[in-house]
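Worksheet: the structure to be examined is printed underneath.
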Amino acid sequence: MSEPRRGFASDNAATIHPEVLAAITRANAGHAFGYGHDPLTEALAGRFQGEFGEHARAFGVWGGTGANVLCLRAACRPFDAVICAETAHLNVDECGAPEAIAGVKLLSVPTPDGKLDEAMIEGMLGRVGDEHAVQPRVVSISQCTELGTVYTVEELASLARFSHAHGLLVHVDGARLANAAAALGISLRAITTDAGVDMLSFGGTKNGLLGAEAVVFLDPALADGFEYLRKQSMQLASKMRFLSAQLDALLTDELWLRCASHANEMASLLADRVRSLAGVTLTRPVQANAVFAALAPEAIAPLRERYDFYVWDEPAGEVRWMCSWDTTPEDVEGFAAAVAEVAG
């Protein structure tokens with residue numbers, strides 16, 4: 001059997017962390033009530049409160065798209081809208097699920113770096129109170145953004161104050177929230193609750209889990225009736241203890257931070273190795289675990305024959321290289337050498 005292929009396509013492509021697999025194995029003993037009525041899931045509520053604050057209410061779900069859509073369903077009425085960056089996962093990569101399932105209109109805003117600011121949000125508020133127009137209700141940001149950038153705590157807090165002053169809630173798509181917190185050197189609470197975030201999708205699948213995310217309400221009033229929304233949206237796991245075991249492992253001994261910090265470090269190493277290569281231009285700041293670069297078209301094809309990665313902007317020759325919790329220095333050095341071969 002050939003050696004398994006490794007690459008830089010996505011942190012979704014990474015393996016499962018051994019501590020997570022061990023937690024699943026421990027949970028795989030005896031019988032337990034389903035749908036979250038088990039001791040492990042019940043105890044998990046306190047673990048999330050320990051990370052996000054005593055008022056946090058967390059619910060395990062299957063996937064990131066489901067987590068995002070459920071946040072919007074919990075917060076929005078049928079005539080409400082969500083303001084997000086044009087590059088947001090909500091807008092680009094969820095197959096219209098926010099519109100089809102949550103029934104909300106997305107008001108997308110062009111941004112140079114994937115980050116919203118107050119002026120951009122204000123520009124979408126011109127028809128508030130107009131019965132002929134959808135009404136903005138939520139500002140959704142990605143942390144980290146799809147362009148690899150990270151909101152500082154000050155930026156988040158300012159955006160939240162502005163949003164709340166205009167009657168808007170703040171949602172964070174936190175598929176890579178751990179990477180952002182690791183990059184800033186702060187806690188999960190500091191980057192969410194203390195900054196004024198109202199609700200978030202907490203990512204685990206991109207950070208060493210088999211397939212588990214969480215919806216976390218920092219404003220507990222938003223959680224009223226959420227049990228029904230989760231079931232109706234087909235995100236209630238029957239064998240919930242196995243999702244809870246993974247999330248519990250992620251929150252134990254700062255596994256979330258260890259995994260995210262390593263992924264970030266590997267991205268920084270990769271950027272250092274390729275930034276001076278002829279034929280390679282780093283196109284965006286490397287702030288977490290993503291490296292964006294421009295290559296000549298004739299260099300991309302042979303490189304993809306050896307490694308998996310995404311072409312982000314084909315006309316511009318821009319590619320995205322993602323590092324994961326299991327990316328090794330040897331992976332990076334080998335890939336950088338391959339880039340040097342084809343780019344030069």
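By order of appearance in the structure tokens: chains A, B, ..., then residues from 1 within every chain, and ligands from 1 in the order shown.
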Can you write out as JSON lines which residues of range 176-231 of chain A fall within 9 Å of range 256-271 of chain A, alongside each residue's closest atom pair and its distance in Å to one decimal, counting only C-alpha atoms and ordering rows by chain and ascending residue number?
{"residue": "A:Arg176", "atom": "CA", "partner": "A:Ala260", "partner_atom": "CA", "distance": 8.3}
{"residue": "A:Leu177", "atom": "CA", "partner": "A:Ala260", "partner_atom": "CA", "distance": 9.0}
{"residue": "A:Ala178", "atom": "CA", "partner": "A:Ala260", "partner_atom": "CA", "distance": 5.8}
{"residue": "A:Asn179", "atom": "CA", "partner": "A:Ala260", "partner_atom": "CA", "distance": 4.7}
{"residue": "A:Ala180", "atom": "CA", "partner": "A:Ala260", "partner_atom": "CA", "distance": 8.3}
{"residue": "A:Ala181", "atom": "CA", "partner": "A:Leu257", "partner_atom": "CA", "distance": 7.9}
{"residue": "A:Ala182", "atom": "CA", "partner": "A:Ser261", "partner_atom": "CA", "distance": 5.5}
{"residue": "A:Ala183", "atom": "CA", "partner": "A:Asn264", "partner_atom": "CA", "distance": 7.1}
{"residue": "A:Gly204", "atom": "CA", "partner": "A:Trp256", "partner_atom": "CA", "distance": 8.2}
{"residue": "A:Asn207", "atom": "CA", "partner": "A:Cys259", "partner_atom": "CA", "distance": 6.3}
{"residue": "A:Gly208", "atom": "CA", "partner": "A:Cys259", "partner_atom": "CA", "distance": 7.0}
Prev. selection, N, CA, C and O atoms, output as a compact mmCIF listing (two decimals), in the first residue's frame:
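File out23.txt, as written:
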# COMPACT_ATOMS: atom_id res chain seq x y z
N ARG A 176 -12.60 28.57 12.69
CA ARG A 176 -11.18 28.62 13.08
C ARG A 176 -10.98 29.61 14.23
O ARG A 176 -9.95 30.28 14.31
N LEU A 177 -11.94 29.67 15.13
CA LEU A 177 -11.84 30.57 16.27
C LEU A 177 -10.60 30.26 17.11
O LEU A 177 -9.92 31.17 17.60
N ALA A 178 -10.30 28.99 17.27
CA ALA A 178 -9.13 28.61 18.06
C ALA A 178 -7.85 29.16 17.45
O ALA A 178 -6.95 29.61 18.18
N ASN A 179 -7.75 29.15 16.13
CA ASN A 179 -6.56 29.69 15.48
C ASN A 179 -6.43 31.19 15.71
O ASN A 179 -5.33 31.71 15.89
N ALA A 180 -7.57 31.89 15.72
CA ALA A 180 -7.54 33.32 15.98
C ALA A 180 -7.11 33.62 17.40
O ALA A 180 -6.28 34.50 17.66
N ALA A 181 -7.68 32.88 18.36
CA ALA A 181 -7.30 33.09 19.76
C ALA A 181 -5.82 32.78 19.97
O ALA A 181 -5.12 33.51 20.69
N ALA A 182 -5.35 31.71 19.34
CA ALA A 182 -3.93 31.35 19.47
C ALA A 182 -3.05 32.43 18.86
O ALA A 182 -2.00 32.78 19.43
N ALA A 183 -3.47 32.97 17.72
CA ALA A 183 -2.67 34.01 17.06
C ALA A 183 -2.57 35.26 17.91
O ALA A 183 -1.53 35.93 17.94
N GLY A 204 -14.74 22.63 15.63
CA GLY A 204 -13.88 21.55 16.12
C GLY A 204 -13.32 20.70 15.00
O GLY A 204 -12.20 20.19 15.11
N ASN A 207 -10.02 21.49 13.74
CA ASN A 207 -9.01 21.58 14.79
C ASN A 207 -8.84 20.25 15.52
O ASN A 207 -8.68 20.22 16.74
N GLY A 208 -8.91 19.15 14.78
CA GLY A 208 -8.57 17.85 15.35
C GLY A 208 -9.72 16.93 15.69
O GLY A 208 -9.50 15.81 16.14
- Item | Test item: residues at most 8 Å from range 53-58 of chain A, only C-alpha atoms, excluding those fewer than 5 positions along its chain, as a list in words | Ala45, Phe48, Arg189, Thr193, Ala214, Val215, Val216, Phe217, Leu218, Asp219, Pro220 and Ala223 of chain A
Just C-alpha atoms for this one: save the residues we selected as a compact mmCIF listing (two decimals), in the first residue's frame.
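So the final result, stored in result_38.txt, reads:
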# COMPACT_ATOMS: atom_id res chain seq x y z
CA ALA A 45 -22.38 22.55 29.57
CA PHE A 48 -18.23 25.63 27.85
CA ARG A 189 -13.72 34.25 26.31
CA THR A 193 -17.85 37.14 25.35
CA ALA A 214 -21.07 23.68 18.81
CA VAL A 215 -23.54 26.53 18.76
CA VAL A 216 -22.74 28.79 21.71
CA PHE A 217 -25.10 31.53 22.85
CA LEU A 218 -23.43 34.20 24.95
CA ASP A 219 -26.76 35.98 25.26
CA PRO A 220 -28.73 33.15 26.92
CA ALA A 223 -31.18 29.95 23.38
- Tell me, as a ChimeraX atom specification, which residues lie within 7 Å of Ala160 in chain A, counting only C-alpha atoms; anything in the same chain fewer than 6 positions away does not count. /A:170,196-197
- Please report, as an MDAnalysis selection string, each residue of range 132-210 of chain A to which DSSP assigns helix (DSSP H, G or I) when run on this structure's backbone. chainID A and resid 153:165 177:184 193:195 205:207
For N, CA and C atoms, I'd like the residues from the last selection saved as a PDB file, in the first residue's frame.
ATOM      1  N   VAL A 153      -9.074  42.093  19.242  1.00  0.00           N
ATOM      2  CA  VAL A 153     -10.122  42.273  20.248  1.00  0.00           C
ATOM      3  C   VAL A 153     -10.700  43.670  20.157  1.00  0.00           C
ATOM      4  N   GLU A 154      -9.855  44.660  19.925  1.00  0.00           N
ATOM      5  CA  GLU A 154     -10.320  46.045  19.824  1.00  0.00           C
ATOM      6  C   GLU A 154     -11.264  46.216  18.631  1.00  0.00           C
ATOM      7  N   GLU A 155     -10.919  45.607  17.506  1.00  0.00           N
ATOM      8  CA  GLU A 155     -11.796  45.681  16.330  1.00  0.00           C
ATOM      9  C   GLU A 155     -13.126  45.016  16.602  1.00  0.00           C
ATOM     10  N   LEU A 156     -13.093  43.858  17.234  1.00  0.00           N
ATOM     11  CA  LEU A 156     -14.334  43.148  17.561  1.00  0.00           C
ATOM     12  C   LEU A 156     -15.202  43.955  18.521  1.00  0.00           C
ATOM     13  N   ALA A 157     -14.585  44.478  19.561  1.00  0.00           N
ATOM     14  CA  ALA A 157     -15.345  45.220  20.562  1.00  0.00           C
ATOM     15  C   ALA A 157     -15.971  46.472  19.959  1.00  0.00           C
ATOM     16  N   SER A 158     -15.231  47.168  19.109  1.00  0.00           N
ATOM     17  CA  SER A 158     -15.761  48.359  18.458  1.00  0.00           C
ATOM     18  C   SER A 158     -16.915  47.999  17.532  1.00  0.00           C
ATOM     19  N   LEU A 159     -16.751  46.927  16.778  1.00  0.00           N
ATOM     20  CA  LEU A 159     -17.807  46.489  15.862  1.00  0.00           C
ATOM     21  C   LEU A 159     -19.052  46.083  16.650  1.00  0.00           C
ATOM     22  N   ALA A 160     -18.859  45.383  17.791  1.00  0.00           N
ATOM     23  CA  ALA A 160     -20.002  44.956  18.599  1.00  0.00           C
ATOM     24  C   ALA A 160     -20.726  46.153  19.198  1.00  0.00           C
ATOM     25  N   ARG A 161     -19.983  47.136  19.694  1.00  0.00           N
ATOM     26  CA  ARG A 161     -20.633  48.331  20.249  1.00  0.00           C
ATOM     27  C   ARG A 161     -21.460  49.036  19.188  1.00  0.00           C
ATOM     28  N   PHE A 162     -20.891  49.185  18.008  1.00  0.00           N
ATOM     29  CA  PHE A 162     -21.614  49.848  16.923  1.00  0.00           C
ATOM     30  C   PHE A 162     -22.864  49.049  16.557  1.00  0.00           C
ATOM     31  N   SER A 163     -22.729  47.751  16.445  1.00  0.00           N
ATOM     32  CA  SER A 163     -23.863  46.905  16.064  1.00  0.00           C
ATOM     33  C   SER A 163     -24.969  46.978  17.095  1.00  0.00           C
ATOM     34  N   HIS A 164     -24.612  46.842  18.358  1.00  0.00           N
ATOM     35  CA  HIS A 164     -25.621  46.882  19.412  1.00  0.00           C
ATOM     36  C   HIS A 164     -26.321  48.237  19.478  1.00  0.00           C
ATOM     37  N   ALA A 165     -25.569  49.307  19.217  1.00  0.00           N
ATOM     38  CA  ALA A 165     -26.172  50.640  19.222  1.00  0.00           C
ATOM     39  C   ALA A 165     -27.206  50.794  18.119  1.00  0.00           C
ATOM     40  N   LEU A 177     -11.939  29.669  15.128  1.00  0.00           N
ATOM     41  CA  LEU A 177     -11.838  30.572  16.272  1.00  0.00           C
ATOM     42  C   LEU A 177     -10.603  30.264  17.112  1.00  0.00           C
ATOM     43  N   ALA A 178     -10.298  28.991  17.268  1.00  0.00           N
ATOM     44  CA  ALA A 178      -9.128  28.607  18.060  1.00  0.00           C
ATOM     45  C   ALA A 178      -7.851  29.162  17.450  1.00  0.00           C
ATOM     46  N   ASN A 179      -7.751  29.148  16.128  1.00  0.00           N
ATOM     47  CA  ASN A 179      -6.557  29.693  15.475  1.00  0.00           C
ATOM     48  C   ASN A 179      -6.429  31.187  15.713  1.00  0.00           C
ATOM     49  N   ALA A 180      -7.575  31.887  15.720  1.00  0.00           N
ATOM     50  CA  ALA A 180      -7.542  33.324  15.976  1.00  0.00           C
ATOM     51  C   ALA A 180      -7.111  33.616  17.403  1.00  0.00           C
ATOM     52  N   ALA A 181      -7.675  32.878  18.362  1.00  0.00           N
ATOM     53  CA  ALA A 181      -7.301  33.090  19.760  1.00  0.00           C
ATOM     54  C   ALA A 181      -5.824  32.783  19.975  1.00  0.00           C
ATOM     55  N   ALA A 182      -5.354  31.707  19.344  1.00  0.00           N
ATOM     56  CA  ALA A 182      -3.932  31.352  19.470  1.00  0.00           C
ATOM     57  C   ALA A 182      -3.049  32.431  18.864  1.00  0.00           C
ATOM     58  N   ALA A 183      -3.465  32.967  17.723  1.00  0.00           N
ATOM     59  CA  ALA A 183      -2.669  34.005  17.064  1.00  0.00           C
ATOM     60  C   ALA A 183      -2.570  35.259  17.915  1.00  0.00           C
ATOM     61  N   LEU A 184      -3.655  35.582  18.612  1.00  0.00           N
ATOM     62  CA  LEU A 184      -3.676  36.786  19.446  1.00  0.00           C
ATOM     63  C   LEU A 184      -3.130  36.542  20.847  1.00  0.00           C
ATOM     64  N   THR A 193     -16.971  36.588  24.316  1.00  0.00           N
ATOM     65  CA  THR A 193     -17.850  37.138  25.354  1.00  0.00           C
ATOM     66  C   THR A 193     -17.435  38.541  25.774  1.00  0.00           C
ATOM     67  N   ASP A 194     -16.173  38.690  26.108  1.00  0.00           N
ATOM     68  CA  ASP A 194     -15.702  39.982  26.615  1.00  0.00           C
ATOM     69  C   ASP A 194     -15.684  41.059  25.534  1.00  0.00           C
ATOM     70  N   ALA A 195     -15.687  40.643  24.274  1.00  0.00           N
ATOM     71  CA  ALA A 195     -15.698  41.604  23.165  1.00  0.00           C
ATOM     72  C   ALA A 195     -17.110  41.991  22.753  1.00  0.00           C
ATOM     73  N   THR A 205     -14.081  20.563  13.927  1.00  0.00           N
ATOM     74  CA  THR A 205     -13.673  19.669  12.851  1.00  0.00           C
ATOM     75  C   THR A 205     -12.367  20.112  12.209  1.00  0.00           C
ATOM     76  N   LYS A 206     -12.140  21.408  12.097  1.00  0.00           N
ATOM     77  CA  LYS A 206     -10.895  21.920  11.515  1.00  0.00           C
ATOM     78  C   LYS A 206      -9.748  21.938  12.527  1.00  0.00           C
ATOM     79  N   ASN A 207     -10.024  21.485  13.737  1.00  0.00           N
ATOM     80  CA  ASN A 207      -9.014  21.582  14.794  1.00  0.00           C
ATOM     81  C   ASN A 207      -8.844  20.250  15.522  1.00  0.00           C
TER      82      ASN A 207
END
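The two atoms in question, CA of Cys84 in chain A and CA of Leu282 in chain A, are spaced 25.6 Å apart.
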- Note on the structure: Restricting to only C-alpha atoms, whichever of A:Pro39, A:Pro18, A:Pro78, A:Pro297 is closest to Ala133 in chain A is A:Pro78
- For range 85-91 of chain A, list every protein, DNA or RNA residue within 8 Å, evaluated using only C-alpha atoms, and leave out those in the same chain fewer than 5 positions away; present the list as a ChimeraX atom specification. /A:65,68,96,98,106,108-111,114-116,140-142,145-147
Export all heavy atoms of the chosen residues as a compact mmCIF listing (two decimals), in the first residue's frame?
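Output below, filename again.txt:
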# COMPACT_ATOMS: atom_id res chain seq x y z
N THR A 65 -21.73 24.35 8.77
CA THR A 65 -22.84 25.00 8.08
C THR A 65 -24.10 24.94 8.93
O THR A 65 -24.83 25.93 9.06
CB THR A 65 -23.08 24.36 6.71
OG1 THR A 65 -21.93 24.57 5.87
CG2 THR A 65 -24.31 24.94 6.02
N ASN A 68 -23.84 27.49 11.76
CA ASN A 68 -24.10 28.86 11.30
C ASN A 68 -25.58 29.10 11.04
O ASN A 68 -26.15 30.11 11.46
CB ASN A 68 -23.30 29.13 10.03
CG ASN A 68 -21.83 29.38 10.29
OD1 ASN A 68 -21.44 29.77 11.38
ND2 ASN A 68 -21.01 29.15 9.28
N GLY A 96 -26.32 28.21 -0.33
CA GLY A 96 -27.59 28.89 -0.12
C GLY A 96 -28.35 28.43 1.11
O GLY A 96 -29.52 28.78 1.28
N PRO A 98 -28.24 29.41 4.30
CA PRO A 98 -28.86 30.47 5.12
C PRO A 98 -30.19 30.94 4.55
O PRO A 98 -31.13 31.20 5.31
CB PRO A 98 -27.81 31.58 5.10
CG PRO A 98 -26.52 30.86 4.89
CD PRO A 98 -26.84 29.75 3.94
N LEU A 106 -29.01 37.41 2.86
CA LEU A 106 -27.66 37.86 3.18
C LEU A 106 -27.38 39.16 2.45
O LEU A 106 -27.60 39.27 1.24
CB LEU A 106 -26.64 36.80 2.77
CG LEU A 106 -26.75 35.43 3.44
CD1 LEU A 106 -25.65 34.50 2.95
CD2 LEU A 106 -26.71 35.55 4.97
N SER A 108 -24.35 41.06 1.52
CA SER A 108 -22.89 40.89 1.49
C SER A 108 -22.19 42.19 1.12
O SER A 108 -22.70 42.98 0.31
CB SER A 108 -22.51 39.79 0.51
OG SER A 108 -22.91 40.10 -0.80
N VAL A 109 -21.03 42.39 1.73
CA VAL A 109 -20.27 43.63 1.59
C VAL A 109 -18.88 43.31 1.05
O VAL A 109 -18.18 42.48 1.63
CB VAL A 109 -20.14 44.35 2.95
CG1 VAL A 109 -19.43 45.69 2.77
CG2 VAL A 109 -21.50 44.54 3.60
N PRO A 110 -18.44 43.96 -0.03
CA PRO A 110 -17.05 43.76 -0.48
C PRO A 110 -16.07 44.27 0.57
O PRO A 110 -16.28 45.34 1.16
CB PRO A 110 -16.97 44.60 -1.77
CG PRO A 110 -18.39 44.84 -2.18
CD PRO A 110 -19.19 44.87 -0.91
N THR A 111 -15.03 43.51 0.82
CA THR A 111 -14.00 43.91 1.77
C THR A 111 -12.62 43.60 1.17
O THR A 111 -12.48 42.60 0.47
CB THR A 111 -14.12 43.17 3.11
OG1 THR A 111 -13.79 41.79 2.92
CG2 THR A 111 -15.53 43.27 3.66
N GLY A 114 -11.42 40.63 3.96
CA GLY A 114 -12.35 39.70 4.59
C GLY A 114 -12.97 40.20 5.87
O GLY A 114 -13.82 39.53 6.47
N LYS A 115 -12.58 41.40 6.32
CA LYS A 115 -13.04 41.92 7.60
C LYS A 115 -14.03 43.07 7.41
O LYS A 115 -13.80 43.97 6.60
CB LYS A 115 -11.85 42.40 8.44
CG LYS A 115 -10.91 41.29 8.86
CD LYS A 115 -9.54 41.79 9.28
CE LYS A 115 -9.58 42.57 10.55
NZ LYS A 115 -8.20 42.90 11.02
N LEU A 116 -15.11 43.02 8.18
CA LEU A 116 -16.08 44.12 8.19
C LEU A 116 -15.62 45.21 9.15
O LEU A 116 -14.92 44.94 10.13
CB LEU A 116 -17.45 43.62 8.64
CG LEU A 116 -18.19 42.63 7.75
CD1 LEU A 116 -19.47 42.16 8.44
CD2 LEU A 116 -18.50 43.24 6.40
N SER A 140 -22.66 39.15 10.85
CA SER A 140 -21.92 37.90 10.96
C SER A 140 -20.49 38.11 10.47
O SER A 140 -20.28 38.57 9.34
CB SER A 140 -22.59 36.80 10.13
OG SER A 140 -21.85 35.60 10.21
N ILE A 141 -19.54 37.78 11.31
CA ILE A 141 -18.14 37.87 10.92
C ILE A 141 -17.50 36.49 11.01
O ILE A 141 -17.97 35.62 11.76
CB ILE A 141 -17.35 38.87 11.79
CG1 ILE A 141 -17.22 38.33 13.22
CG2 ILE A 141 -18.01 40.24 11.78
CD1 ILE A 141 -16.19 39.05 14.04
N SER A 142 -16.45 36.28 10.25
CA SER A 142 -15.67 35.04 10.33
C SER A 142 -14.39 35.33 11.08
O SER A 142 -13.70 36.31 10.80
CB SER A 142 -15.34 34.53 8.93
OG SER A 142 -16.50 34.25 8.19
N THR A 145 -10.96 35.01 9.21
CA THR A 145 -11.70 35.21 7.98
C THR A 145 -11.27 34.20 6.93
O THR A 145 -10.26 33.51 7.07
CB THR A 145 -11.49 36.62 7.41
OG1 THR A 145 -10.19 36.69 6.81
CG2 THR A 145 -11.62 37.68 8.48
N GLU A 146 -12.04 34.15 5.85
CA GLU A 146 -11.72 33.25 4.75
C GLU A 146 -10.46 33.67 4.01
O GLU A 146 -9.92 32.88 3.21
CB GLU A 146 -12.90 33.16 3.79
CG GLU A 146 -14.08 32.37 4.30
CD GLU A 146 -14.84 33.05 5.43
OE1 GLU A 146 -14.77 34.30 5.56
OE2 GLU A 146 -15.50 32.34 6.22
N LEU A 147 -9.96 34.86 4.28
CA LEU A 147 -8.72 35.32 3.68
C LEU A 147 -7.54 35.21 4.65
O LEU A 147 -6.48 35.77 4.41
CB LEU A 147 -8.87 36.76 3.19
CG LEU A 147 -9.96 36.97 2.13
CD1 LEU A 147 -9.99 38.42 1.67
CD2 LEU A 147 -9.76 36.04 0.94
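The residue set within 8 Å of Gln143 in chain A, counting only C-alpha atoms and dropping same-chain residues fewer than 6 places from it, reads Thr149, Val150, Tyr151, Val172, Asp173, Gly174, Ala175, Arg176, Leu177 and Ala180 of chain A.
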Grab the residues selected above and save them as a PDB file, in the first residue's frame with all heavy atoms.
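The resulting file, selection16.pdb, is shown below:
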ATOM      1  N   THR A 149      -7.211  36.400   7.657  1.00  0.00           N
ATOM      2  CA  THR A 149      -6.970  37.530   8.543  1.00  0.00           C
ATOM      3  C   THR A 149      -7.711  37.353   9.870  1.00  0.00           C
ATOM      4  O   THR A 149      -8.676  36.593   9.969  1.00  0.00           O
ATOM      5  CB  THR A 149      -7.401  38.847   7.873  1.00  0.00           C
ATOM      6  OG1 THR A 149      -8.727  38.690   7.346  1.00  0.00           O
ATOM      7  CG2 THR A 149      -6.459  39.195   6.748  1.00  0.00           C
ATOM      8  N   VAL A 150      -7.262  38.077  10.872  1.00  0.00           N
ATOM      9  CA  VAL A 150      -7.784  37.937  12.226  1.00  0.00           C
ATOM     10  C   VAL A 150      -8.242  39.297  12.749  1.00  0.00           C
ATOM     11  O   VAL A 150      -7.511  40.291  12.656  1.00  0.00           O
ATOM     12  CB  VAL A 150      -6.698  37.358  13.164  1.00  0.00           C
ATOM     13  CG1 VAL A 150      -7.180  37.319  14.610  1.00  0.00           C
ATOM     14  CG2 VAL A 150      -6.287  35.961  12.700  1.00  0.00           C
ATOM     15  N   TYR A 151      -9.456  39.353  13.287  1.00  0.00           N
ATOM     16  CA  TYR A 151      -9.923  40.559  13.979  1.00  0.00           C
ATOM     17  C   TYR A 151      -9.214  40.670  15.322  1.00  0.00           C
ATOM     18  O   TYR A 151      -9.152  39.700  16.082  1.00  0.00           O
ATOM     19  CB  TYR A 151     -11.421  40.487  14.256  1.00  0.00           C
ATOM     20  CG  TYR A 151     -12.349  40.630  13.086  1.00  0.00           C
ATOM     21  CD1 TYR A 151     -12.715  39.523  12.325  1.00  0.00           C
ATOM     22  CD2 TYR A 151     -12.916  41.867  12.766  1.00  0.00           C
ATOM     23  CE1 TYR A 151     -13.603  39.640  11.265  1.00  0.00           C
ATOM     24  CE2 TYR A 151     -13.809  42.001  11.711  1.00  0.00           C
ATOM     25  CZ  TYR A 151     -14.157  40.877  10.961  1.00  0.00           C
ATOM     26  OH  TYR A 151     -15.047  40.996   9.915  1.00  0.00           O
ATOM     27  N   VAL A 172     -20.434  35.173  15.297  1.00  0.00           N
ATOM     28  CA  VAL A 172     -19.098  34.820  14.835  1.00  0.00           C
ATOM     29  C   VAL A 172     -19.129  33.409  14.257  1.00  0.00           C
ATOM     30  O   VAL A 172     -19.531  32.460  14.946  1.00  0.00           O
ATOM     31  CB  VAL A 172     -18.063  34.897  15.976  1.00  0.00           C
ATOM     32  CG1 VAL A 172     -16.727  34.298  15.528  1.00  0.00           C
ATOM     33  CG2 VAL A 172     -17.863  36.338  16.413  1.00  0.00           C
ATOM     34  N   ASP A 173     -18.736  33.313  12.989  1.00  0.00           N
ATOM     35  CA  ASP A 173     -18.469  32.003  12.402  1.00  0.00           C
ATOM     36  C   ASP A 173     -17.077  31.622  12.886  1.00  0.00           C
ATOM     37  O   ASP A 173     -16.071  32.087  12.355  1.00  0.00           O
ATOM     38  CB  ASP A 173     -18.525  32.082  10.873  1.00  0.00           C
ATOM     39  CG  ASP A 173     -18.197  30.753  10.200  1.00  0.00           C
ATOM     40  OD1 ASP A 173     -17.719  29.832  10.889  1.00  0.00           O
ATOM     41  OD2 ASP A 173     -18.405  30.642   8.977  1.00  0.00           O
ATOM     42  N   GLY A 174     -17.040  30.779  13.897  1.00  0.00           N
ATOM     43  CA  GLY A 174     -15.774  30.443  14.544  1.00  0.00           C
ATOM     44  C   GLY A 174     -15.226  29.096  14.120  1.00  0.00           C
ATOM     45  O   GLY A 174     -14.684  28.358  14.969  1.00  0.00           O
ATOM     46  N   ALA A 175     -15.329  28.764  12.831  1.00  0.00           N
ATOM     47  CA  ALA A 175     -14.765  27.512  12.352  1.00  0.00           C
ATOM     48  C   ALA A 175     -13.283  27.415  12.709  1.00  0.00           C
ATOM     49  O   ALA A 175     -12.769  26.334  12.996  1.00  0.00           O
ATOM     50  CB  ALA A 175     -14.962  27.393  10.843  1.00  0.00           C
ATOM     51  N   ARG A 176     -12.599  28.572  12.688  1.00  0.00           N
ATOM     52  CA  ARG A 176     -11.180  28.623  13.076  1.00  0.00           C
ATOM     53  C   ARG A 176     -10.977  29.606  14.230  1.00  0.00           C
ATOM     54  O   ARG A 176      -9.946  30.275  14.308  1.00  0.00           O
ATOM     55  CB  ARG A 176     -10.323  29.014  11.863  1.00  0.00           C
ATOM     56  CG  ARG A 176     -10.393  28.000  10.726  1.00  0.00           C
ATOM     57  CD  ARG A 176      -9.433  28.340   9.589  1.00  0.00           C
ATOM     58  NE  ARG A 176      -9.463  27.307   8.565  1.00  0.00           N
ATOM     59  CZ  ARG A 176     -10.208  27.367   7.446  1.00  0.00           C
ATOM     60  NH1 ARG A 176     -10.966  28.433   7.223  1.00  0.00           N
ATOM     61  NH2 ARG A 176     -10.179  26.388   6.573  1.00  0.00           N
ATOM     62  N   LEU A 177     -11.939  29.669  15.128  1.00  0.00           N
ATOM     63  CA  LEU A 177     -11.838  30.572  16.272  1.00  0.00           C
ATOM     64  C   LEU A 177     -10.603  30.264  17.112  1.00  0.00           C
ATOM     65  O   LEU A 177      -9.924  31.173  17.600  1.00  0.00           O
ATOM     66  CB  LEU A 177     -13.092  30.465  17.137  1.00  0.00           C
ATOM     67  CG  LEU A 177     -13.159  31.410  18.339  1.00  0.00           C
ATOM     68  CD1 LEU A 177     -13.342  32.856  17.871  1.00  0.00           C
ATOM     69  CD2 LEU A 177     -14.288  31.014  19.287  1.00  0.00           C
ATOM     70  N   ALA A 180      -7.575  31.887  15.720  1.00  0.00           N
ATOM     71  CA  ALA A 180      -7.542  33.324  15.976  1.00  0.00           C
ATOM     72  C   ALA A 180      -7.111  33.616  17.403  1.00  0.00           C
ATOM     73  O   ALA A 180      -6.279  34.496  17.658  1.00  0.00           O
ATOM     74  CB  ALA A 180      -8.914  33.925  15.696  1.00  0.00           C
TER      75      ALA A 180
END
